[in-house]
Structures are given as structure tokens and as C-alpha cells.
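Input: a single structure, listed below in C-alpha cells.
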Amino acid sequence: MSRSDAIDEGSYVLLYFNETINYVIKARRSATFNTIKGTIRGDQVVGAKYGDEVISSLGYAFKLSRPDIVDVLMKQRRATQPIYPKDAAIIITYCNVVPGAVVLEAGMGSAYLTSMLAMHVMPTGKVVSYERDSSRVRIAERTLKEMGVAPFVEIKEQDLAEARLDREFDAAVLDVAEPWALLPTAVGAVRHGANVAAYVPTIGQVDKTISKMAELGLIRVQLFESILRPWKTVPGEIRPQMWMLGHTGFIIIGKRP
Ligand SMILES: C[S@@+](CC[C@H](N)C(=O)[O-])C[C@H]1O[C@@H](n2cnc3c(N)ncnc32)[C@H](O)[C@@H]1O
């Protein structure tokens with residue numbers, strides 16, 4: 001994501017009319033963006049600056065605003081079920097993912113979590129991410145580039161179970177179907193006192209993961225489900241939104257004693 005005020009070809013833009021009518025777009029000179037308040041041409045956007053306004057074909061003014069990290073992340077291609085920012089925030093906070101940290105991850109999937117991890121370890125740390133499916137690696141590489149974090153991620157196109165690792169990691173995160181199978185490798189690769197997190201969608205997986213963490217001697221095992229309820233913020237109509245994300249996954253975090 002660029003810090004410049006200029007909107008170039010390929011920049012992400014929040015096209016904002018009001019609290020309910022707004023869109024995140026990727027600026028393309030040759031494109032046309034359809035909104036329910038008329039269309040906006042790409043050549044009105046590319047070459048403008050963040051903060052400018054453009055007028056739609058129906059005469060409505062839209063602000064060209066700089067989007068947030070979450071806006072850009074949620075526009076990236078998904079090869080797999082990604083970890084959403086609400087869950088990434090817990091993993092990052094509880095696993096002490098700070099600038100300079102070296103984090104082990106499997107699998108990389110669509111690199112949503114990888115991007116968020118990389119943003120927190122940069123500029124001196126790194127994420128070492130394992131993904132055994134090469135087609136997903138190609139998609140993940142693109143996401144990391146779009147998010148501007150590619151230099152902080154070392155991609156290993158390999159099954160984590162086959163990796164030989166030194167004990168150099170400050171944290172490990174497993175988002176795979178059977179994290180219990182990878183826990184011995186992950187636990188063996190983190191420093192004393194480091195946390196290992198697993199992310200799974202079903203209770204059966206939670207049970208197996210917690211049992212394996214206990215067997216491996218991890219301490220203070222914590223289990224979280226993050227339920228984020230967004231509210232409508234229109235003055236005079238403040239109430240919960242009608243729709244919300246009901247379930248994503250469970251986060252299990254254990255500490256290597
Ligand atoms: C649910 S996706 C991960 C999504 C990712 N966390 C995100 O936020 O975009 C799970 C990925 O783990 C990969 N995977 C599963 N087992 C693996 C293993 N043993 N080693 C490396 N990758 C693995 C799968 O190929 C799949 O792409």
C-alpha cells in the first residue's frame with residue numbers, strides 16, 4: 001500500500017458517498033465503476049489525489065479516500081478460507097508478534113494471515129510460511145505483493161511435516177486441517193516461552209488440538225472464539241447491523257514452557 005497522495009493505476013481507493021454507499025475499488029484508467037448513484041470513470045480516479053471528489057454520471061459527489069489495510073486485504077483473491085482480521089488480531093496479540101519477531105506459519109493459503117503477521121514483524125523480523133500447494137503459493141505471492149509485505153515473508157513451498165527446523169522462532173501459527181499432526185514440529189521450532197497457535201473451524205478439531213498440546217506439555221492453553229458484532233453508525237439509527245459473520249474459527253494458543 002502506497003503512502004503517496006497520488007492515485008496511480010492500480011491504487012486502491014475507497015469511493016465514499018455515505019456510511020452505507022461506499023466501495024473499495026482498484027483504480028484502472030480504462031475501467032468504469034458502477035454505483036447505485038451512477039457510474040464513475042476510471043480516468044476520473046487515476047491521476048486524482050486522495051481527498052479529491054469526483055462526480056458520478058448521475059451528479060452525485062463521491063470522496064476518493066485512502067482505504068484501510070483491512071479494505072485492501074479483503075479485496076485479495078482467496079484460494080482457501082482465509083483468517084479474518086478479527087481473528088488475526090487475537091493471534092498477533094496473544095502470540096507476541098512484534099517488530100523483529102520471527103514467526104513460523106503453516107499453511108499460507110491465501111496469505112491473509114501471513115500479510116497481517118508480516119505487517120507486525122517488519123521491518124526487522126520475518127514470517128517463514130509453509131504451503132504445500134503450489135497453486136496457492138502463486139496466489140499468496142500476489143497477495144503479499146499487493147499488501148506491500150513480500151520482503152518480510154520467506155515462502156517455503158513444502159509440507160511443514162517434512163521441514164527440518166532450528167529452534168529460532170518466537171511464535172508459530174498453524175492454520176491447517178490437522179494441526180495436531182504438525183504440533184510436534186511447531187513446538188520443537190519455537191523458543192522457550194513462545195506461543196503456538198492453531199486455528200480450526202470445528203469443535204472436533206479443537207478437542208484433538210488441545211489433547212495434543214497437553215501431550216506435548218504446552219502450558220496455559222487458551223481457547224478463543226472471536227465474535228465481532230458491527231453496529232450501524234448513522235446518527236439517530238445506531239443499532240447492531242442486520243447481518244454479521246456468524247462463525248469463522250476457533251483459536252487455540254499454548255505456551256512452550
Ligand atoms: C485454510 S488454508 C490457510 C489460509 C490462510 N491462513 C489465510 O489466512 O489465507 C490452509 C492451507 O494449509 C495448507 N496446508 C495444509 N497442510 C499443510 C502442511 N502440512 N504443510 C504446509 N501447508 C499445508 C493447505 O494447502 C491450505 O492452503
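Ordering of the C-alpha cells sets the chain letters (A, B, ...); residue numbers start at 1 within each chain; ligands are numbered from 1 in the order shown.
For range 33-42 of chain A, the list of residues within 8 Å, based on only C-alpha atoms and with local chain neighbours fewer than 2 positions off taken out, reads Ile21, Ile25, Ala27, Arg28, Arg29, Ser30, Ala31, Gln44, Val45, Val46, Val54, Ile55, Ser56, Ser57, Leu58, Gly59 and Tyr60 of chain A.
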With 6 Å as the cut-off and only C-alpha atoms and all ligand atoms counted, what is the closest atom pair between each nearby residue of chain A and ligand 1? Distances in Å to one decimal, ordered by chain and number, as a tab-separated table.
residue	atom	partner	partner_atom_place_in_ligand_line	distance
A:Thr80	CA	ligand 1	2 (S)	5.1
A:Gln81	CA	ligand 1	1 (C)	4.9
A:Pro82	CA	ligand 1	8 (O)	3.6
A:Ile83	CA	ligand 1	8 (O)	3.9
A:Ala106	CA	ligand 1	21 (C)	5.1
A:Gly107	CA	ligand 1	12 (O)	3.3
A:Met108	CA	ligand 1	5 (C)	4.9
A:Gly109	CA	ligand 1	27 (O)	3.5
A:Ser110	CA	ligand 1	9 (O)	3.5
A:Ala111	CA	ligand 1	9 (O)	4.1
A:Tyr112	CA	ligand 1	8 (O)	3.9
A:Leu113	CA	ligand 1	8 (O)	4.0
A:Tyr130	CA	ligand 1	21 (C)	4.8
A:Glu131	CA	ligand 1	22 (N)	3.7
A:Arg132	CA	ligand 1	22 (N)	4.4
A:Asp133	CA	ligand 1	25 (O)	4.8
A:Arg136	CA	ligand 1	27 (O)	6.0
A:Gln158	CA	ligand 1	21 (C)	5.9
A:Asp159	CA	ligand 1	20 (N)	3.5
A:Leu160	CA	ligand 1	20 (N)	4.1
A:Ala161	CA	ligand 1	19 (N)	5.4
A:Asp175	CA	ligand 1	6 (N)	5.2
A:Val176	CA	ligand 1	15 (C)	4.5
Residues as selected, C-alpha atoms, written as a JSON list (two decimals), in the first residue's frame, can you do that?
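Produced file selection10.json, reproduced below:
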[["chain", "number", "residue", "atom", "x", "y", "z"],
["A", 80, "THR", "CA", -8.80, -21.01, 0.64],
["A", 81, "GLN", "CA", -10.84, -19.93, 3.62],
["A", 82, "PRO", "CA", -8.73, -17.05, 4.98],
["A", 83, "ILE", "CA", -8.23, -15.92, 8.55],
["A", 106, "ALA", "CA", 1.58, -23.22, 8.02],
["A", 107, "GLY", "CA", -0.31, -23.17, 5.73],
["A", 108, "MET", "CA", -0.04, -19.92, 3.96],
["A", 109, "GLY", "CA", -3.20, -20.46, 1.87],
["A", 110, "SER", "CA", -4.35, -17.09, 0.52],
["A", 111, "ALA", "CA", -1.78, -15.27, 2.73],
["A", 112, "TYR", "CA", -4.36, -13.17, 4.55],
["A", 113, "LEU", "CA", -2.90, -14.04, 7.94],
["A", 130, "TYR", "CA", 4.96, -23.16, 4.61],
["A", 131, "GLU", "CA", 2.46, -24.04, 1.90],
["A", 132, "ARG", "CA", 2.47, -27.41, 0.17],
["A", 133, "ASP", "CA", 0.09, -26.50, -2.67],
["A", 136, "ARG", "CA", -1.94, -21.47, -3.63],
["A", 158, "GLN", "CA", 6.85, -27.51, 1.16],
["A", 159, "ASP", "CA", 4.92, -29.60, 3.69],
["A", 160, "LEU", "CA", 5.80, -28.39, 7.18],
["A", 161, "ALA", "CA", 5.87, -32.02, 8.36],
["A", 175, "ASP", "CA", -3.98, -22.95, 10.02],
["A", 176, "VAL", "CA", -4.28, -26.45, 8.56]]
Near-range 117-124 of chain A list (12 Å; only C-alpha atoms; drop same-chain fewer than 6 positions) as JSON, numbers by chain: {"A": [1, 69, 70, 73, 83, 85, 87, 88, 89, 90, 91, 92, 93, 95, 96, 97, 98, 99, 100, 101, 102, 103, 104, 105, 108, 111, 143, 144, 145, 147, 148, 149, 150, 151, 152, 153, 154, 155, 170, 171, 172, 173]}
Where in range 73-148 of chain A does DSSP assign strand (DSSP E or B), given as number ranges by chain? A: 102-106, 126-130
I need the residues from that last selection saved to file as an mmCIF file, in the first residue's frame (with C-alpha atoms), if you can.
data_model
loop_
_atom_site.group_PDB
_atom_site.id
_atom_site.type_symbol
_atom_site.label_atom_id
_atom_site.label_comp_id
_atom_site.auth_asym_id
_atom_site.auth_seq_id
_atom_site.Cartn_x
_atom_site.Cartn_y
_atom_site.Cartn_z
ATOM 1 C CA VAL A 102 10.471 -14.462 13.631
ATOM 2 C CA VAL A 103 7.197 -16.309 13.102
ATOM 3 C CA LEU A 104 6.597 -19.785 11.697
ATOM 4 C CA GLU A 105 3.361 -20.332 9.773
ATOM 5 C CA ALA A 106 1.580 -23.223 8.019
ATOM 6 C CA LYS A 126 10.158 -12.158 9.205
ATOM 7 C CA VAL A 127 7.440 -14.724 8.683
ATOM 8 C CA VAL A 128 8.558 -18.129 7.452
ATOM 9 C CA SER A 129 5.479 -19.580 5.825
ATOM 10 C CA TYR A 130 4.963 -23.156 4.610
#
Quote the spacing between CA of Ala140 in chain A and CA of Arg164 in chain A in Å to one decimal place.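 These atoms are spaced 22.9 Å apart.
The list of residues with at least one atom within 7 Å of Thr209 in chain A, based on only C-alpha atoms and without residues fewer than 3 positions apart in the same chain, reads A:Pro179, A:Trp180, A:Gln205, A:Val206, A:Lys212, A:Met213.
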What is the CA of Val187 in chain A-CA of Glu157 in chain A distance in Å, reported with one decimal? 20.3 Å
So, counting only C-alpha atoms, which residue among A:Gly10, A:Val200, A:Glu19, A:His192 is closest to Leu174 in chain A?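 Counting only C-alpha atoms, the residue closest to Leu174 in chain A is A:Val200.
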Among the residues of range 143-235 of chain A, find those DSSP assigns to helix (DSSP H, G or I) from the backbone and print them as JSON, numbers by chain. {"A": [143, 144, 145, 146, 150, 151, 152, 160, 161, 162, 179, 180, 181, 182, 183, 184, 185, 186, 187, 188, 189, 203, 204, 205, 206, 207, 208, 209, 210, 211, 212, 213, 214, 215]}
